[in-house]
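File shown: protein_8.csv (CSV, C-alpha atoms).
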```
chain,number,residue,atom,x,y,z
A,1,MET,CA,0.0,0.0,0.0
A,2,GLU,CA,1.4,3.4,-1.0
A,3,ARG,CA,2.0,6.0,1.7
A,4,SER,CA,0.5,9.4,1.0
A,5,ILE,CA,2.2,12.6,2.1
A,6,THR,CA,0.3,15.6,3.3
A,7,VAL,CA,2.1,19.0,3.0
A,8,ILE,CA,1.2,21.5,5.8
A,9,PRO,CA,2.5,25.1,5.8
A,10,VAL,CA,5.1,25.7,8.5
A,11,GLN,CA,3.0,28.6,10.0
A,12,ARG,CA,0.1,26.3,10.6
A,13,VAL,CA,2.3,23.8,12.3
A,14,LEU,CA,3.8,26.5,14.6
A,15,ARG,CA,0.3,27.7,15.6
A,16,ALA,CA,-1.0,24.2,16.2
A,17,LEU,CA,2.0,23.2,18.4
A,18,THR,CA,2.5,26.7,19.9
A,19,MET,CA,6.1,26.6,19.0
A,20,THR,CA,8.6,29.2,17.8
A,21,PRO,CA,10.5,28.6,14.6
A,22,ASN,CA,13.7,27.7,16.6
A,23,GLU,CA,11.8,25.3,18.8
A,24,LEU,CA,10.3,23.5,15.8
A,25,ARG,CA,13.7,23.3,14.2
A,26,GLU,CA,15.2,21.7,17.3
A,27,VAL,CA,12.4,19.1,17.4
A,28,VAL,CA,12.8,18.3,13.7
A,29,GLU,CA,16.6,17.9,13.9
A,30,GLN,CA,16.2,15.6,16.9
A,31,ASN,CA,14.1,13.3,14.8
A,32,VAL,CA,15.5,13.6,11.2
A,33,GLY,CA,19.0,15.1,11.6
A,34,THR,CA,20.5,18.5,11.0
A,35,ILE,CA,18.6,20.8,8.6
A,36,PRO,CA,21.0,22.6,6.3
A,37,PRO,CA,20.9,26.4,6.6
A,38,LEU,CA,19.1,27.1,3.3
A,39,ALA,CA,18.7,30.8,3.9
A,40,GLU,CA,22.5,31.1,4.4
A,41,ALA,CA,23.1,29.0,1.2
A,42,ARG,CA,20.8,31.2,-0.7
A,43,ARG,CA,22.5,34.3,0.6
A,44,ARG,CA,25.9,32.9,-0.4
A,45,ALA,CA,24.6,32.0,-3.9
A,46,ALA,CA,23.2,35.5,-4.4
A,47,GLN,CA,26.5,37.0,-3.3
A,48,LEU,CA,28.4,34.7,-5.6
A,49,ARG,CA,26.2,35.7,-8.6
A,50,GLU,CA,26.6,39.4,-7.7
A,51,ASP,CA,30.4,39.1,-7.4
A,52,ILE,CA,30.8,37.2,-10.7
A,53,TRP,CA,28.5,39.4,-12.8
A,54,GLY,CA,30.0,42.5,-11.3
A,55,TYR,CA,33.5,41.3,-12.2
A,56,THR,CA,32.3,40.4,-15.7
A,57,ALA,CA,30.9,43.8,-16.3
A,58,THR,CA,34.3,45.3,-15.4
A,59,VAL,CA,36.6,43.1,-17.5
A,60,LEU,CA,34.2,42.6,-20.4
A,61,ALA,CA,32.5,45.9,-20.5
A,62,ASP,CA,32.3,46.3,-24.3
A,63,THR,CA,31.0,42.8,-25.1
A,64,PRO,CA,27.2,42.9,-24.5
A,65,ARG,CA,26.2,39.8,-26.5
A,66,LEU,CA,28.9,37.8,-24.9
A,67,THR,CA,28.0,38.8,-21.3
A,68,ALA,CA,24.3,38.3,-22.0
A,69,ARG,CA,25.1,34.7,-23.2
A,70,LEU,CA,27.2,34.1,-20.1
A,71,ARG,CA,24.5,35.4,-17.8
A,72,ALA,CA,21.8,33.3,-19.6
A,73,GLY,CA,23.7,30.2,-18.5
A,74,GLY,CA,23.4,31.2,-14.8
A,75,VAL,CA,25.7,30.4,-11.9
A,76,VAL,CA,25.7,26.9,-10.5
A,77,ASP,CA,27.5,26.5,-7.2
A,78,ASP,CA,29.6,23.5,-8.2
A,79,LYS,CA,30.4,25.0,-11.6
A,80,ALA,CA,31.2,28.5,-10.4
A,81,ASP,CA,35.0,27.9,-10.6
A,82,ASP,CA,34.6,26.8,-14.2
A,83,LEU,CA,32.6,29.9,-15.0
A,84,ARG,CA,35.2,32.1,-13.3
A,85,ARG,CA,38.0,30.4,-15.3
A,86,LEU,CA,36.1,31.1,-18.6
A,87,ILE,CA,35.5,34.7,-17.7
A,88,ASP,CA,39.1,35.2,-16.7
A,89,ALA,CA,40.4,33.6,-19.9
A,90,LEU,CA,38.1,35.8,-22.0
A,91,ALA,CA,39.2,38.9,-20.1
A,92,ARG,CA,42.8,38.0,-20.8
A,93,VAL,CA,42.0,37.7,-24.5
A,94,ARG,CA,40.2,41.0,-24.5
A,95,ALA,CA,43.2,42.7,-22.8
A,96,ALA,CA,45.6,41.2,-25.4
A,97,LEU,CA,43.6,42.7,-28.3
A,98,PRO,CA,44.5,44.2,-30.7
A,99,LEU,CA,47.4,41.9,-31.4
A,100,SER,CA,50.6,43.4,-32.9
A,101,ARG,CA,50.5,40.6,-35.5
A,102,PRO,CA,48.2,37.6,-36.1
A,103,ALA,CA,48.6,34.6,-33.7
A,104,THR,CA,47.2,31.1,-33.7
A,105,LEU,CA,44.1,30.2,-31.8
A,106,ALA,CA,46.1,27.5,-29.9
A,107,ARG,CA,48.6,30.1,-28.7
A,108,ILE,CA,45.9,32.5,-27.6
A,109,SER,CA,44.2,29.6,-25.7
A,110,HIS,CA,47.5,28.6,-24.1
A,111,ASN,CA,48.5,32.1,-23.1
A,112,CYS,CA,45.1,33.2,-21.8
A,113,ALA,CA,43.7,29.9,-20.4
A,114,GLY,CA,46.7,27.7,-19.9
A,115,ASP,CA,45.4,25.1,-22.3
A,116,PRO,CA,46.0,25.2,-26.1
A,117,HIS,CA,42.7,23.5,-26.7
A,118,TYR,CA,40.6,25.6,-24.3
A,119,PHE,CA,39.1,27.7,-27.1
A,120,ASP,CA,38.8,24.9,-29.7
A,121,LEU,CA,35.9,25.5,-32.1
A,122,ASN,CA,34.0,22.4,-31.3
A,123,ASP,CA,31.6,21.1,-28.7
A,124,ALA,CA,34.4,20.3,-26.2
A,125,GLY,CA,35.9,23.8,-26.4
A,126,GLN,CA,34.9,27.3,-25.5
A,127,GLY,CA,35.5,28.7,-29.0
A,128,SER,CA,31.9,29.8,-29.4
A,129,ARG,CA,32.4,32.3,-26.6
A,130,LEU,CA,35.6,33.6,-28.2
A,131,VAL,CA,33.6,34.1,-31.5
A,132,LEU,CA,31.0,36.1,-29.6
A,133,LEU,CA,33.8,38.3,-28.1
A,134,ALA,CA,35.1,39.0,-31.6
A,135,ALA,CA,31.6,39.7,-32.9
A,136,ASP,CA,31.0,42.2,-30.2
A,137,LEU,CA,34.3,44.0,-30.6
A,138,LEU,CA,33.7,44.3,-34.4
A,139,ASP,CA,30.0,45.0,-34.0
A,140,ALA,CA,29.5,42.2,-36.6
A,141,PRO,CA,26.6,39.8,-37.2
A,142,LEU,CA,27.0,36.3,-35.6
A,143,PRO,CA,28.5,33.8,-38.1
A,144,ASP,CA,26.4,30.8,-39.2
A,145,THR,CA,29.1,28.5,-40.6
A,146,PRO,CA,32.4,27.2,-39.4
A,147,ALA,CA,34.2,29.1,-42.2
A,148,ALA,CA,32.5,32.4,-41.1
A,149,GLU,CA,33.5,31.8,-37.5
A,150,ARG,CA,37.2,31.5,-38.6
A,151,ALA,CA,36.9,34.5,-40.8
A,152,LEU,CA,35.5,36.6,-37.9
A,153,LEU,CA,38.3,35.5,-35.6
A,154,ALA,CA,40.9,36.3,-38.3
A,155,ARG,CA,39.6,39.9,-38.3
A,156,VAL,CA,40.8,40.4,-34.7
A,157,GLY,CA,44.1,38.6,-35.5
A,158,ILE,CA,43.2,35.1,-34.1
A,159,VAL,CA,44.0,32.4,-36.7
A,160,ALA,CA,42.2,29.1,-36.2
A,161,ASP,CA,43.7,25.9,-37.5
A,162,SER,CA,43.9,26.0,-41.3
A,163,LEU,CA,46.3,23.2,-42.0
A,164,SER,CA,44.7,20.0,-40.6
A,165,GLN,CA,41.4,20.5,-42.3
A,166,THR,CA,41.5,19.4,-46.0
A,167,VAL,CA,39.2,18.8,-48.9
A,168,LEU,CA,39.8,16.1,-51.5
A,169,LEU,CA,39.7,17.0,-55.2
A,170,LEU,CA,40.2,15.1,-58.4
A,171,ASN,CA,40.4,16.5,-61.9
A,172,VAL,CA,39.5,20.0,-60.8
A,173,GLY,CA,40.8,22.8,-63.1
A,174,ALA,CA,42.0,26.2,-62.2
A,175,LYS,CA,43.0,29.2,-64.4
A,176,GLY,CA,44.8,31.5,-62.0
A,177,ASP,CA,48.6,32.0,-61.4
A,178,GLY,CA,48.7,31.4,-57.7
A,179,PRO,CA,50.3,28.4,-56.0
A,180,THR,CA,46.9,26.7,-55.4
A,181,ASP,CA,46.0,27.1,-59.1
A,182,ARG,CA,49.3,25.6,-60.1
A,183,ALA,CA,48.9,22.7,-57.6
A,184,LEU,CA,45.4,21.9,-59.1
A,185,ARG,CA,46.6,22.0,-62.7
A,186,LEU,CA,49.6,19.7,-62.0
A,187,ALA,CA,47.4,17.3,-60.1
A,188,ARG,CA,44.9,17.3,-63.0
A,189,GLU,CA,47.6,16.7,-65.5
A,190,ASP,CA,48.9,13.8,-63.5
A,191,GLN,CA,45.4,12.6,-62.8
A,192,ARG,CA,46.0,12.2,-59.1
A,193,PRO,CA,43.9,13.3,-56.1
A,194,VAL,CA,44.9,16.4,-54.2
A,195,HIS,CA,44.1,17.6,-50.7
A,196,LEU,CA,43.8,21.3,-50.3
A,197,THR,CA,44.0,22.9,-46.9
A,198,LEU,CA,42.0,25.7,-45.5
A,199,HIS,CA,45.2,27.7,-45.7
A,200,ASP,CA,45.6,27.0,-49.4
A,201,LEU,CA,42.0,28.3,-50.1
A,202,THR,CA,42.2,31.4,-47.9
A,203,ALA,CA,45.8,32.5,-48.3
A,204,HIS,CA,46.0,31.6,-52.0
A,205,PRO,CA,42.4,31.2,-53.3
A,206,PRO,CA,42.3,29.7,-56.8
A,207,THR,CA,40.4,31.0,-59.8
A,208,LEU,CA,38.4,27.9,-60.6
A,209,ASP,CA,37.6,26.7,-64.1
A,210,ARG,CA,33.9,26.6,-64.7
A,211,ALA,CA,34.1,24.8,-68.0
A,212,GLU,CA,33.2,21.4,-66.5
A,213,PRO,CA,30.6,20.7,-63.8
A,214,TRP,CA,31.7,19.3,-60.5
A,215,LEU,CA,30.3,16.2,-58.8
A,216,VAL,CA,30.5,16.7,-55.1
A,217,VAL,CA,30.3,13.5,-53.1
A,218,GLU,CA,30.1,12.5,-49.5
A,219,ASN,CA,32.5,9.6,-49.4
A,220,PRO,CA,36.2,9.3,-50.3
A,221,SER,CA,35.7,5.8,-51.6
A,222,VAL,CA,33.8,7.3,-54.6
A,223,VAL,CA,36.9,9.3,-55.5
A,224,HIS,CA,39.0,6.2,-55.2
A,225,GLU,CA,36.6,4.3,-57.4
A,226,ALA,CA,36.7,7.1,-59.9
A,227,LEU,CA,40.5,6.8,-60.0
A,228,MET,CA,40.2,3.0,-60.7
A,229,ARG,CA,37.7,3.6,-63.5
A,230,GLY,CA,39.9,6.3,-65.1
A,231,ILE,CA,37.2,9.0,-64.7
A,232,ARG,CA,38.4,12.4,-66.0
A,233,THR,CA,35.6,14.6,-64.8
A,234,PRO,CA,36.0,16.8,-61.7
A,235,ILE,CA,35.0,15.3,-58.4
A,236,VAL,CA,35.1,16.9,-54.9
A,237,CYS,CA,34.7,15.0,-51.7
A,238,THR,CA,33.4,16.5,-48.4
A,239,SER,CA,34.2,13.3,-46.4
A,240,GLY,CA,30.7,13.1,-44.8
A,241,THR,CA,30.1,16.6,-43.6
A,242,LEU,CA,30.5,20.3,-44.3
A,243,THR,CA,33.5,21.8,-42.4
A,244,ALA,CA,35.1,25.2,-42.8
A,245,VAL,CA,37.3,24.1,-45.6
A,246,ASP,CA,34.4,22.6,-47.5
A,247,HIS,CA,32.4,25.9,-47.1
A,248,VAL,CA,35.3,28.0,-48.4
A,249,LEU,CA,35.8,25.8,-51.5
A,250,LEU,CA,32.1,25.7,-52.2
A,251,GLY,CA,31.8,29.4,-51.8
A,252,LEU,CA,34.7,30.0,-54.2
A,253,ALA,CA,33.1,27.6,-56.7
A,254,HIS,CA,29.7,29.3,-56.4
A,255,THR,CA,31.3,32.7,-56.9
A,256,CYS,CA,33.2,31.5,-60.0
A,257,GLY,CA,30.0,30.1,-61.4
A,258,VAL,CA,31.1,26.4,-61.4
A,259,PRO,CA,28.1,24.1,-62.0
A,260,MET,CA,27.8,21.5,-59.2
A,261,GLU,CA,25.7,18.5,-58.2
A,262,TYR,CA,25.8,16.8,-54.8
A,263,SER,CA,25.4,13.1,-54.1
A,264,GLY,CA,25.6,11.5,-50.7
A,265,ASP,CA,24.2,8.4,-48.9
A,266,ILE,CA,20.4,8.3,-48.8
A,267,ASP,CA,20.1,8.6,-45.0
A,268,THR,CA,19.4,11.4,-42.6
A,269,GLY,CA,22.9,12.9,-42.6
A,270,GLY,CA,23.2,12.8,-46.4
A,271,MET,CA,19.8,14.3,-47.0
A,272,ASN,CA,20.4,17.1,-44.5
A,273,ILE,CA,23.7,18.0,-46.2
A,274,ALA,CA,22.0,17.9,-49.6
A,275,ALA,CA,19.4,20.4,-48.2
A,276,ALA,CA,22.2,22.6,-47.0
A,277,MET,CA,24.0,22.5,-50.3
A,278,LEU,CA,20.8,23.5,-52.1
A,279,ARG,CA,20.0,26.3,-49.7
A,280,ARG,CA,23.5,27.9,-49.4
A,281,TYR,CA,25.1,27.2,-52.8
A,282,GLU,CA,22.1,26.4,-55.1
A,283,VAL,CA,23.6,22.9,-55.7
A,284,PRO,CA,21.0,20.3,-56.6
A,285,SER,CA,21.2,16.7,-55.5
A,286,ARG,CA,21.9,13.8,-57.8
A,287,GLU,CA,21.0,10.1,-57.3
A,288,MET,CA,19.3,10.8,-54.0
A,289,ASP,CA,15.7,10.4,-55.2
A,290,ASP,CA,12.9,7.7,-55.4
A,291,ASP,CA,14.2,6.4,-58.7
A,292,THR,CA,17.6,5.6,-57.2
A,293,ARG,CA,15.9,4.0,-54.2
A,294,ARG,CA,13.8,1.8,-56.5
A,295,ALA,CA,16.7,0.9,-58.6
A,296,THR,CA,18.8,-0.2,-55.6
A,297,TRP,CA,16.0,-2.1,-54.0
A,298,GLY,CA,15.1,-3.8,-57.2
A,299,ALA,CA,18.7,-4.8,-58.1
A,300,GLY,CA,18.6,-8.0,-56.0
A,301,VAL,CA,21.2,-9.3,-53.7
A,302,LEU,CA,24.6,-7.6,-53.2
A,303,SER,CA,26.6,-10.8,-53.2
A,304,GLU,CA,26.0,-14.5,-53.5
A,305,GLY,CA,28.2,-17.6,-53.7
A,306,PRO,CA,27.8,-21.4,-54.1
A,307,PRO,CA,26.1,-23.2,-51.2
A,308,PRO,CA,26.5,-23.1,-48.3
A,309,VAL,CA,27.7,-19.5,-48.7
A,310,PRO,CA,24.7,-17.3,-47.9
A,311,ALA,CA,23.6,-14.5,-50.2
A,312,LEU,CA,23.8,-10.9,-48.9
A,313,PRO,CA,20.5,-9.1,-49.6
A,314,GLY,CA,20.4,-5.5,-50.7
A,315,PRO,CA,20.5,-2.7,-50.7
A,316,ALA,CA,22.2,-2.3,-47.3
A,317,CYS,CA,22.6,-4.5,-44.2
A,318,ALA,CA,24.4,-2.1,-41.9
A,319,PRO,CA,23.5,1.2,-40.2
A,320,SER,CA,25.2,4.4,-41.1
A,321,THR,CA,26.0,7.0,-38.4
A,322,THR,CA,25.3,10.7,-38.1
A,323,ASN,CA,27.7,12.5,-35.6
A,324,GLY,CA,28.4,9.1,-34.0
A,325,THR,CA,24.7,8.2,-33.6
A,326,PRO,CA,23.5,5.0,-35.5
A,327,ASN,CA,21.1,5.8,-38.3
A,328,ILE,CA,19.6,2.5,-39.1
A,329,THR,CA,16.9,3.6,-41.5
A,330,GLY,CA,16.7,5.7,-44.6
A,331,ALA,CA,16.2,9.5,-44.9
A,332,ASN,CA,12.5,9.1,-44.1
A,333,ASN,CA,13.0,6.5,-41.4
A,334,SER,CA,11.2,3.9,-43.3
A,335,GLY,CA,13.8,1.9,-45.2
A,336,PRO,CA,17.4,0.8,-45.2
A,337,VAL,CA,20.2,3.3,-45.9
A,338,ILE,CA,21.3,3.5,-49.6
A,339,PHE,CA,25.1,3.8,-49.4
A,340,GLN,CA,27.0,5.4,-52.3
A,341,GLU,CA,29.1,2.3,-52.5
A,342,HIS,CA,26.1,0.3,-53.9
A,343,PRO,CA,27.0,-0.8,-57.5
A,344,VAL,CA,23.9,0.8,-58.9
A,345,VAL,CA,24.7,4.2,-57.4
A,346,LEU,CA,28.4,4.0,-58.5
A,347,ASP,CA,27.4,3.1,-62.0
A,348,ARG,CA,25.0,6.0,-62.2
A,349,LEU,CA,27.5,8.5,-60.8
A,350,LEU,CA,30.6,7.3,-62.7
A,351,GLY,CA,29.3,5.3,-65.6
A,352,PRO,CA,29.4,1.4,-65.8
A,353,ASP,CA,32.6,-0.5,-65.5
A,354,PRO,CA,32.6,-3.8,-67.5
A,355,GLY,CA,35.6,-5.0,-65.4
A,356,ASP,CA,34.0,-4.3,-62.0
A,357,PRO,CA,34.8,-7.3,-59.8
A,358,LEU,CA,32.0,-6.4,-57.4
A,359,SER,CA,29.2,-5.9,-59.9
A,360,LEU,CA,25.8,-7.3,-58.8
A,361,PRO,CA,25.1,-11.0,-59.3
A,362,ASN,CA,22.9,-12.0,-62.3
A,363,SER,CA,19.8,-12.5,-60.2
A,364,GLN,CA,16.3,-11.5,-61.1
A,365,SER,CA,15.2,-8.2,-59.8
A,366,ARG,CA,12.8,-8.5,-56.9
A,367,ASP,CA,9.3,-7.1,-57.0
A,368,TRP,CA,10.0,-4.5,-54.3
A,369,HIS,CA,8.9,-1.4,-56.3
A,370,SER,CA,5.5,-1.1,-54.7
A,371,SER,CA,6.9,-1.1,-51.2
A,372,VAL,CA,9.8,1.3,-51.7
A,373,PRO,CA,9.5,4.3,-49.2
A,374,THR,CA,9.4,7.8,-50.6
A,375,CYS,CA,12.4,10.0,-50.1
A,376,PRO,CA,11.8,13.5,-48.7
A,377,SER,CA,12.6,16.3,-51.1
A,378,VAL,CA,15.5,18.6,-50.1
A,379,GLN,CA,13.4,21.4,-51.5
A,380,ASP,CA,10.4,20.8,-49.1
A,381,GLY,CA,12.1,22.4,-46.1
A,382,ALA,CA,11.4,19.3,-43.9
A,383,LEU,CA,15.1,18.5,-43.5
A,384,THR,CA,17.4,20.3,-41.1
A,385,ASP,CA,20.6,22.2,-41.7
A,386,PRO,CA,23.4,20.4,-39.8
A,387,LEU,CA,25.2,23.7,-39.4
A,388,SER,CA,22.3,25.8,-38.1
```

Entire entry expressed as structure tokens:
Amino acid sequence: MERSITVIPVQRVLRALTMTPNELREVVEQNVGTIPPLAEARRRAAQLREDIWGYTATVLADTPRLTARLRAGGVVDDKADDLRRLIDALARVRAALPLSRPATLARISHNCAGDPHYFDLNDAGQGSRLVLLAADLLDAPLPDTPAAERALLARVGIVADSLSQTVLLLNVGAKGDGPTDRALRLAREDQRPVHLTLHDLTAHPPTLDRAEPWLVVENPSVVHEALMRGIRTPIVCTSGTLTAVDHVLLGLAHTCGVPMEYSGDIDTGGMNIAAAMLRRYEVPSREMDDDTRRATWGAGVLSEGPPPVPALPGPACAPSTTNGTPNITGANNSGPVIFQEHPVVLDRLLGPDPGDPLSLPNSQSRDWHSSVPTCPSVQDGALTDPLS
């Protein structure tokens, strides 16, 4: 039998027992133990908040959006030291600006927070607060892409990492005279893939050749397959997401008027990126529609061998992941993922290869067409921007 609890206001208890508050406290503590001094705790918490926000208003006086964001997070007693460390680090950065010459984000983090990764531009770092600081100092709008964040920091002399991020290109032409243009032309002449860094694209932006349309793909394996098939058309790979280096390259291509199409896995992540490509750079998707789903579903098994080797049904038997989270179903959560590595998709993107050792077995197509789920359109606005 469940016990019910009746809540009685303290004042009624005091009147009924003819006790003072101190006498009631003594009786309760004799029976249930010491009662923590809540009023004192509240007083200390209020004083802590007053001290922290007063200090913040002094050391970050000209950063209204930053201080508003910090205040919105509140002060939690057991996290107060972390908050004070953040405010101290931001105050040291503010005091160091303007810099006599540009410095790396890692050095700023090290010198102002004691940790070169403290202001990293990811979920684990406090880089978003540093971006807010820069936006306030410049009275600039808040950036909405990783590339825009880095560009904003660069305006105050803080250079985020631009060497480790790369984008993979194959057969991309360039017409300028800079070092990045020359690297692209040489790679195209040798028909070899080339990785361009964010530094290449920002310090020496190429003048891209718009004579041939680009195929932008999600997975590096498609670029490798293009090499094996001897494909000569331009292919660019974003390696599964849109990072700062990808945004800079796509922005340059869009400005130069390079025609582009995007093709990714037919799953939640791939369709969301297709939506972002259309919205930001007017790039339509390719082989990410119902026709492609029907073709892969109807193509039969992926692999079969002589008994007792079991056949592998298609189109996909393994989940993909989006930001580390398993994504077992397709873009509309009602079917298996269609990976770009499927032979039907590769043949549609790159053209058929008579010598493909992993072509589909000569099995009869299954009558799956009537049960194929419908892919959501990237134009319908139902998909989300992974960078918003």

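Across A:Pro98, A:Pro220, A:Gly230, A:Gly127, the tightest approach to A:Gly351 is made by A:Gly230 when counting all atoms listed in the file.
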
(message) Calculated over all atoms listed in the file, which of the candidates A:Thr67, A:Ser128, A:Ser162, A:Gln340 has the smallest distance to A:Thr104?
(response) A:Ser162

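Between atom CA of A:Val194 and atom CA of A:Leu249 lies a distance of 13.4 Å.
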
(request) Go through A:Ala103, A:Ala311, A:Val245, A:Cys237 and flag the residue nearest A:Thr197, using only C-alpha atoms for the distances. (result) A:Val245

(request) Compare A:Pro143, A:Gly251, A:Pro64, A:Pro206 by their minimum atom-to-atom distance to A:Asp181, counting only C-alpha atoms, and give me the closest one. (result)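 Residue with the minimum atom-to-atom distance to A:Asp181: A:Pro206.
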
(request) Would you work out the distance separating atom CA of A:Asp82 from atom CA of A:Ala134, expressed in Å to one decimal? (result)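 Value for the atom CA of A:Asp82-atom CA of A:Ala134 distance: 21.3 Å.
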
(message) Just to confirm, what's the straight-line distance from atom CA of A:Leu66 to atom CA of A:His247 in Å (one decimal)?
(response) 25.4 Å

Residue rebuild result stretch 184-204 of chain A, N, CA and C atoms as an mmCIF file, keeping the file's coordinate frame:
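Below you can see rebuild_38.cif, which holds the result:
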```cif
data_model
loop_
_atom_site.group_PDB
_atom_site.id
_atom_site.type_symbol
_atom_site.label_atom_id
_atom_site.label_comp_id
_atom_site.auth_asym_id
_atom_site.auth_seq_id
_atom_site.Cartn_x
_atom_site.Cartn_y
_atom_site.Cartn_z
ATOM 1 N N LEU A 184 46.574 22.576 -58.486
ATOM 2 C CA LEU A 184 45.400 21.900 -59.100
ATOM 3 C C LEU A 184 45.686 21.506 -60.526
ATOM 4 N N ARG A 185 46.334 22.387 -61.281
ATOM 5 C CA ARG A 185 46.600 22.000 -62.700
ATOM 6 C C ARG A 185 47.573 20.866 -62.776
ATOM 7 N N LEU A 186 48.600 20.847 -61.950
ATOM 8 C CA LEU A 186 49.600 19.700 -62.000
ATOM 9 C C LEU A 186 48.894 18.436 -61.586
ATOM 10 N N ALA A 187 48.045 18.470 -60.556
ATOM 11 C CA ALA A 187 47.400 17.300 -60.100
ATOM 12 C C ALA A 187 46.425 16.749 -61.226
ATOM 13 N N ARG A 188 45.765 17.684 -61.918
ATOM 14 C CA ARG A 188 44.900 17.300 -63.000
ATOM 15 C C ARG A 188 45.664 16.659 -64.143
ATOM 16 N N GLU A 189 46.787 17.266 -64.441
ATOM 17 C CA GLU A 189 47.600 16.700 -65.500
ATOM 18 C C GLU A 189 48.102 15.325 -65.209
ATOM 19 N N ASP A 190 48.450 15.094 -63.949
ATOM 20 C CA ASP A 190 48.900 13.800 -63.500
ATOM 21 C C ASP A 190 47.793 12.819 -63.185
ATOM 22 N N GLN A 191 46.562 13.303 -63.221
ATOM 23 C CA GLN A 191 45.400 12.600 -62.800
ATOM 24 C C GLN A 191 45.561 11.886 -61.476
ATOM 25 N N ARG A 192 45.822 12.729 -60.496
ATOM 26 C CA ARG A 192 46.000 12.200 -59.100
ATOM 27 C C ARG A 192 45.120 13.111 -58.199
ATOM 28 N N PRO A 193 44.641 12.534 -57.105
ATOM 29 C CA PRO A 193 43.900 13.300 -56.100
ATOM 30 C C PRO A 193 44.763 14.302 -55.406
ATOM 31 N N VAL A 194 44.174 15.397 -54.932
ATOM 32 C CA VAL A 194 44.900 16.400 -54.200
ATOM 33 C C VAL A 194 44.123 16.865 -53.018
ATOM 34 N N HIS A 195 44.776 17.008 -51.861
ATOM 35 C CA HIS A 195 44.100 17.600 -50.700
ATOM 36 C C HIS A 195 44.523 19.026 -50.558
ATOM 37 N N LEU A 196 43.539 19.910 -50.549
ATOM 38 C CA LEU A 196 43.800 21.300 -50.300
ATOM 39 C C LEU A 196 43.421 21.675 -48.875
ATOM 40 N N THR A 197 44.276 22.446 -48.231
ATOM 41 C CA THR A 197 44.000 22.900 -46.900
ATOM 42 C C THR A 197 43.194 24.159 -46.851
ATOM 43 N N LEU A 198 42.668 24.459 -45.677
ATOM 44 C CA LEU A 198 42.000 25.700 -45.500
ATOM 45 C C LEU A 198 42.942 26.897 -45.755
ATOM 46 N N HIS A 199 44.211 26.716 -45.402
ATOM 47 C CA HIS A 199 45.200 27.700 -45.700
ATOM 48 C C HIS A 199 45.392 27.974 -47.166
ATOM 49 N N ASP A 200 45.441 26.883 -47.949
ATOM 50 C CA ASP A 200 45.600 27.000 -49.400
ATOM 51 C C ASP A 200 44.433 27.875 -49.971
ATOM 52 N N LEU A 201 43.226 27.626 -49.493
ATOM 53 C CA LEU A 201 42.000 28.300 -50.100
ATOM 54 C C LEU A 201 41.822 29.676 -49.600
ATOM 55 N N THR A 202 42.383 30.022 -48.443
ATOM 56 C CA THR A 202 42.200 31.400 -47.900
ATOM 57 C C THR A 202 43.399 32.279 -48.205
ATOM 58 N N ALA A 203 44.605 31.720 -48.065
ATOM 59 C CA ALA A 203 45.800 32.500 -48.300
ATOM 60 C C ALA A 203 46.061 32.665 -49.826
ATOM 61 N N HIS A 204 45.748 31.625 -50.596
ATOM 62 C CA HIS A 204 46.000 31.600 -52.000
ATOM 63 C C HIS A 204 44.757 31.096 -52.762
#
```
